[in-house]
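Asks: This structure is in structure tokens; I'll ask about it shortly.
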Amino acid sequence: MNALIISAVWGVVMMFSGILLKQRSGIRNLAVAGLVLLLVSNILEMSGTVFFKVELKGMIVFDRFALFFDSIIFASALIYLFLSARDMEKVGVNYAEYFALIFFILCGITLVASFKSLLILFLGIEIVSIPLYILTGSEKKNLKSNEASLKYLLLGSFSTAIMLMGIAFVYGATGSFMSAEIIASPGTVSALLIAGMTLLLFSMAFKASVVPFHFWAPDVYDGAPTVFASFMATIVKAASFIAFIRLFNDLFGDMKPEWQLWMAVLTAATLFVGNITAVFQQSVKRMLAYSSVAQAGFMMFSLYAMNTDAVEGLLLYVAAYSLATIGIFAVLNKMSDYTFDGFNGFAKSQPVLAASTTICLLSLAGIPLTAGFLSKFYMLRAAIDTHKNLWLVIFAVVMAAVSVYYYFRLIQAMYFREGNAHEIEVTPVFKWTMVVVAALVILLGIFPNLLLYWFYF
Amino acid sequence: MIYLLQEELSKKVMDVNDIASYLPIGIQIVCAAGLVAFLMLVTHLLGPKRKTADKLQSFTSGIESHGDARQPVAIKYFLVAILFVLFDVEVIFFYPYAVNFKGLGWSGFWAVLLFVGFFLCGFIYIIKKGALKWEE
Amino acid sequence: MTLVYIILILMFGGLISWIIAGKNSSLAKGIALLAVLADLVIIIGFWISVYDKFDLGSQQWLIDYRVEWMPQLGISFHLAMDGLSLLMTALALFLGAVSLIVSWNEISKNLGFYLFNALWLIAGIIGVFLSLDLILFYFFWEVMLVPMYFILAIWGHENRRYAGMKFFLFTQLSGLLMLIAIIALYFIHGKNSGQYTFDYFALIGTSLSAKTGLWLMCGFMIAFLVKLGIVPFHSWLPDAYTQSPTGGSILLAALMSKTAAYGMLRFVVPLFPEASKTFAPVAITLGVVSILYGAKLAYAQTDLKRMIAFSSMSHMGFIMVGIFSFQALSYQGTIIEMIAHGISITALFTVAGVIHARIQTRDMDQMGRFWEQVPKMGAITMIFVLATLGLPGLGNFVAEFLILTGAFKSNVTLTVLAALGLIASMIYALVILQKIFHGERRKEWKLTDLTPREVLAMGCLIVAIVWIGIYPQPVIKTAQPTVNSLEQNSNNTTFVNDTGPTNKMTLKNGDENMTMTRETSTFFLSLNKKGGGK
């Protein structure tokens, strides 16, 4: 509850900061302060301190899982701000508004992470999506950005419509929006409910960029300003997966046999398309866009398996994936040339950044001693624990090996190719934050309990 | 805040599962579509048709039209129009509150006050941003 | 804790030399070498102190170190050492030190990072030899890959990036398949016993249905076959071996391939006794095919390093034959082969590296009549060529002889075919000597003979290979307890098949915890002795 209210209010505060504060550093510091406040208040709520007592009638429940997830998201967002806040200046003139929109998105994320009613899910998804449409198109002079924004808006509204239709069907079948009542609704599974569930599945798959609903993702990530693409590909994607897993765990958990094969097929398709397409990209930004689709495939495992391992694993996966991807995007954003060749000789000119980026890439590729390996390990474990569809696991492993190819291409460019990567300006804060990101990735890879311990106590 | 406006007054509709209960909606749809179709058809059939050059010209209050309608319009018009729609539509939310005014009591009042407060913030924001300035 | 220190010394040594290399390159090299040598001293000291304990029937495990790591997943940090891993660790450190010495001046670009990678690679290899938790094993298995990839792709020869990527993809994919098998085994064991753990001692008694066992074993085998470079999984091998810098080739061919052989001995045979029996004919056939096909390909090469690579592949075939014959003699032979092959291949790659450093080519068609100019190099090469072709008195002969003797008991036809490999190896090995050091002089080269540093390294290798060839007893004695338990393991399963419930019950007891397993294994040992079976 703390985070929900503070993030909404702080969004308004950020809006006005653009009018009241003249200096950009002031705006930036205010945003960082707000995020720290969010994170602290959320952690306080985990230990039982709630600032705002509001009767929610069970429509939103801030349980352990939701709060824990929110903490991960806020921490990632904080790192994101440290790395990329300065680069938002390059995008356009409405500096304060970008932060305001980001806070509104965070507000939406707290909603989707803790909904118990389909109405709240819808509300949350919309609060997340609408600011994103704006952020995507925020580079007004850039045609690609405009195109991406329009595409995103049209397809996004379409998927929202499908979601509403699904909610309506579920309501028609069970007579309620509340997840507890939907589960408790008597009688056999009706065709209406299945139809509603399928529509919800499609719309959520769209939001999480799962193949075959992924077509918007690479174009939008590519067209959007890199700073915001990084935000969308990590934090927002994580949120849509949390909503996804909550939806299918809370509402349709009993109907697992009905949708499990669907999930398996979607997982396989996502892994295949994401990985294979990423191999052929020439631009690092586009490669990262497809890699985010491919990683979504691995996150789909948690939906497919839907057991304790899967839920824990998803949290770890989200943390590992967000950290690594935010790091790589932040470095990418500093480059003038987004192709692989633009990174040639980067290790010589910026050894610290190159090493940190390499660790992030290794984590994405799932090499042991990084967080990426353990999160993949969790996913595979969860999937094998279902004791069926072993083909899916083997397929995923083959695809993971494919992913090594394109991640290592970037490492090769940085280390093994001669070239003059352009001189880039980096502040010490940026450098140190990258080192912290790399250290966190390794730390989580060796002691995942540091993170997961919170979940248990 | 949302729960406030749905309140206990609206009891949950029971047993809507059977297809028969959708009948009224079906009739409604048929009627609505039928009415539109009927009206269009009837005007088409009954109206006299005299196609002259003057008749086909677009009507602009008697002033002779000139130029193309599809030319750029200042963005300010859109801005004001959109802001108008926004603030206008929000007023709709007062309607359910007005209906349940007594039942919601003080807590409802505070909630609506909060709503208006946020609204006011938005209004101040657009004024400060200069969205309503016509000059310049 | 000793085992942890051994690994940590290497890792910290690597870090420190990376940091200092920018300021003082020879100090960095010195520190790296010192770290390896310090470990070597620790291991040899330990070996001497426990040497008397390796009698028949003694405890197999010398050190057992276990702390919880991720308890909710059943993962522990479990290192342990028996005779086999002691030998392998010592070998890794010895050859690691040699590889550092011979590539002392070879690396000039980015030296610190090279030392870091080399030391972490050795640490990873030793970790593989020591870890007894399957996930920890997988960790080290993968930790080896990244430094090796860097060594290959940064300091390799002309085609290094292609070779590096190929190497990484092959090993990564096969490793992931092994991971699936590990997790599946974990769940099956957990379901049977209620105790979810990746611990080797717990998993070793898991009873599997024939079909499941075979599938899981295939998961492990794929990883090992790829690393070992057995036909048909060998296509990465010649590229990687050829394109590496000398130090990398040594670590790759002499040590990393041994991790696969070790994995088969440590994990495949004990964890899946029945499945490996079923698989044995296929495995031995693959081994024989590798022996002959590798020899044939080696003969056809003109690139010196590529030729050595294929000869290595041919010798790995012997290891396959040795392991899957399930005889005490062939197990011993396999272990000696692992050591002897490690030493001889190190020497051959060193020679190739030394020649390449002097004349900038590996093409044997451009060499010839080198003996006149560089007699020392010629003489040393001859010793190792003879070792490779299996001359009595040198290590490889003992190994291959034991393997073939053991294998003869289990499969006559295939053993005869494998023995043909000895003749083939003679042909290609002598070609090396003939083309490079004798024959016509095809081009005028200015050659300098071996430097004292190189002579020192080669001298160590000669001493080692002659020692194993003439007096292999210490190795045999050290490996004996491991070999015993391996043999019992295969006997146990036949017992279960033959007779009934009593033995099954002991196996069941073995499931419960690791101490029980150890007790049962000693119990069986004493039983065997009383029965006078072996």
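Residue numbers start at 1 in each chain; chains themselves are named A, B, ... in the order of the structure tokens; ligands are numbered from 1 in the order shown.
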Compute the set of chain A residues within 10 Å of chain C, using only C-alpha atoms, and express it as an MDAnalysis selection string.

Replies: chainID A and resid 309 362 366:369 373 377:378 380:382 384:385 387 390 393:405 408:409 411:412 415:417 446:449

Asks: Based on the backbone DSSP call, show me all residues of stretch 389-449 of chain A assigned alpha helix (DSSP H), as a PyMOL selection string.

Replies: chain A and resi 390-416+428-446+449

Asks: So that I can check the surroundings of C:Leu386, please list as a compact mmCIF listing (two decimals) with N, CA and C atoms, in the first residue's frame every protein, DNA and RNA residue that reaches within 10 Å of it, counting only C-alpha atoms and ignoring chain neighbours fewer than 4 positions away.

Replies:
```txt
# COMPACT_ATOMS: atom_id res chain seq x y z
N SER C 344 52.67 -37.02 -22.54
CA SER C 344 53.28 -37.08 -23.87
C SER C 344 52.68 -36.03 -24.79
N THR C 381 62.12 -34.91 -28.93
CA THR C 381 60.94 -35.26 -29.69
C THR C 381 60.88 -36.76 -29.91
N MET C 382 62.02 -37.35 -30.17
CA MET C 382 62.03 -38.78 -30.44
C MET C 382 61.50 -39.56 -29.24
N GLY C 390 53.90 -46.16 -28.24
CA GLY C 390 53.76 -47.25 -27.28
C GLY C 390 55.00 -48.10 -27.14
N LEU C 391 56.14 -47.49 -27.01
CA LEU C 391 57.38 -48.27 -26.81
C LEU C 391 57.45 -48.75 -25.37
N PRO C 392 57.74 -50.01 -25.15
CA PRO C 392 57.86 -50.50 -23.77
C PRO C 392 58.92 -49.69 -23.02
N GLY C 393 58.64 -49.47 -21.75
CA GLY C 393 59.57 -48.67 -20.96
C GLY C 393 59.11 -47.24 -20.81
N LEU C 394 58.14 -46.85 -21.62
CA LEU C 394 57.57 -45.51 -21.48
C LEU C 394 56.10 -45.67 -21.09
N ASN C 396 53.04 -44.79 -21.90
CA ASN C 396 51.89 -45.16 -22.71
C ASN C 396 51.80 -46.66 -22.95
N PHE C 397 52.95 -47.29 -23.02
CA PHE C 397 52.93 -48.73 -23.28
C PHE C 397 52.22 -49.45 -22.14
N SER C 425 49.33 -46.18 -34.95
CA SER C 425 49.97 -45.06 -34.24
C SER C 425 51.46 -45.03 -34.54
N MET C 426 52.02 -46.22 -34.73
CA MET C 426 53.45 -46.27 -35.06
C MET C 426 53.70 -45.54 -36.37
N ALA C 429 53.19 -41.67 -35.96
CA ALA C 429 54.15 -41.08 -35.04
C ALA C 429 55.53 -40.99 -35.68
N LEU C 430 55.88 -42.03 -36.41
CA LEU C 430 57.20 -41.99 -37.04
C LEU C 430 57.24 -40.97 -38.16
N LEU C 433 58.57 -37.71 -36.92
CA LEU C 433 60.01 -37.71 -36.80
C LEU C 433 60.66 -37.61 -38.17
```

Asks: Give me the residues within 9 Å of C:Gly342 as number ranges by chain, counting only C-alpha atoms and dropping any in the same chain fewer than 6 places off.

Replies: C: 91-92, 95, 250, 253-255, 258

Asks: Please write the residues from the selection above to a file, keeping C-alpha atoms, as a CSV table (one decimal), in the first residue's frame.

Replies:
```csv
chain,number,residue,atom,x,y,z
C,91,LEU,CA,48.7,-34.2,-12.9
C,92,ALA,CA,46.7,-31.0,-13.5
C,95,LEU,CA,51.2,-30.0,-16.4
C,250,ILE,CA,48.4,-28.2,-23.5
C,253,ALA,CA,44.4,-31.7,-24.8
C,254,ALA,CA,46.3,-32.8,-21.7
C,255,LEU,CA,43.9,-31.8,-18.9
C,258,LYS,CA,40.9,-35.9,-18.9
```

Asks: Which residues are close to C:Val321, i.e. within 8 Å by only C-alpha atoms, leaving aside same-chain residues fewer than 3 positions away? Reply as a ChimeraX atom specification.

Replies: /C:283-285,287-288,317-318,324-325,403,407

Asks: Just the selected residues (N, CA and C atoms), exported as a PDB file, in the first residue's frame, please.

Replies:
```
ATOM      1  N   ALA C 283      29.827 -48.125 -26.637  1.00  0.00           N
ATOM      2  CA  ALA C 283      30.937 -47.269 -26.205  1.00  0.00           C
ATOM      3  C   ALA C 283      32.257 -47.814 -26.706  1.00  0.00           C
ATOM      4  N   ILE C 284      32.435 -49.129 -26.574  1.00  0.00           N
ATOM      5  CA  ILE C 284      33.714 -49.708 -27.000  1.00  0.00           C
ATOM      6  C   ILE C 284      33.849 -49.566 -28.511  1.00  0.00           C
ATOM      7  N   THR C 285      32.738 -49.775 -29.229  1.00  0.00           N
ATOM      8  CA  THR C 285      32.809 -49.615 -30.679  1.00  0.00           C
ATOM      9  C   THR C 285      33.218 -48.191 -31.035  1.00  0.00           C
ATOM     10  N   GLY C 287      34.891 -46.214 -29.253  1.00  0.00           N
ATOM     11  CA  GLY C 287      36.293 -46.076 -28.885  1.00  0.00           C
ATOM     12  C   GLY C 287      37.191 -46.624 -29.979  1.00  0.00           C
ATOM     13  N   VAL C 288      36.852 -47.828 -30.469  1.00  0.00           N
ATOM     14  CA  VAL C 288      37.689 -48.451 -31.490  1.00  0.00           C
ATOM     15  C   VAL C 288      37.663 -47.622 -32.768  1.00  0.00           C
ATOM     16  N   GLY C 317      40.368 -42.897 -27.679  1.00  0.00           N
ATOM     17  CA  GLY C 317      39.626 -44.126 -27.958  1.00  0.00           C
ATOM     18  C   GLY C 317      40.019 -45.236 -27.000  1.00  0.00           C
ATOM     19  N   PHE C 318      41.314 -45.332 -26.690  1.00  0.00           N
ATOM     20  CA  PHE C 318      41.756 -46.354 -25.740  1.00  0.00           C
ATOM     21  C   PHE C 318      41.092 -46.153 -24.387  1.00  0.00           C
ATOM     22  N   PHE C 324      34.920 -48.927 -20.488  1.00  0.00           N
ATOM     23  CA  PHE C 324      33.715 -49.720 -20.680  1.00  0.00           C
ATOM     24  C   PHE C 324      33.982 -51.217 -20.807  1.00  0.00           C
ATOM     25  N   SER C 325      35.207 -51.634 -20.417  1.00  0.00           N
ATOM     26  CA  SER C 325      35.440 -53.068 -20.304  1.00  0.00           C
ATOM     27  C   SER C 325      35.121 -53.566 -18.906  1.00  0.00           C
ATOM     28  N   ILE C 403      45.105 -51.799 -20.670  1.00  0.00           N
ATOM     29  CA  ILE C 403      43.750 -51.627 -21.204  1.00  0.00           C
ATOM     30  C   ILE C 403      43.395 -52.808 -22.100  1.00  0.00           C
ATOM     31  N   ALA C 407      40.514 -55.483 -21.589  1.00  0.00           N
ATOM     32  CA  ALA C 407      39.416 -55.486 -22.549  1.00  0.00           C
ATOM     33  C   ALA C 407      39.283 -56.842 -23.216  1.00  0.00           C
TER      34      ALA C 407
END
```

Asks: Could the residues of chain A within 7 Å of chain B, counting only C-alpha atoms, be given as JSON, numbers by chain, please?

Replies: {"A": [16, 172, 173, 175]}

Asks: Report as an MDAnalysis selection string all protein, DNA and RNA residues lying within 7 Å of A:Ala305, evaluated on only C-alpha atoms, omitting residues in the same chain fewer than 5 positions from it.

Replies: chainID A and resid 310 382:383 386

Asks: Please provide as a list of chain:residue names all residues within 7 Å of C:Gly294, with the sequence filter that same-chain residues fewer than 6 positions apart are discarded (counting only C-alpha atoms).

Replies: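 These residues fall inside the cut-off: C:Phe310, C:Ser311, C:Met313, C:Ser314.
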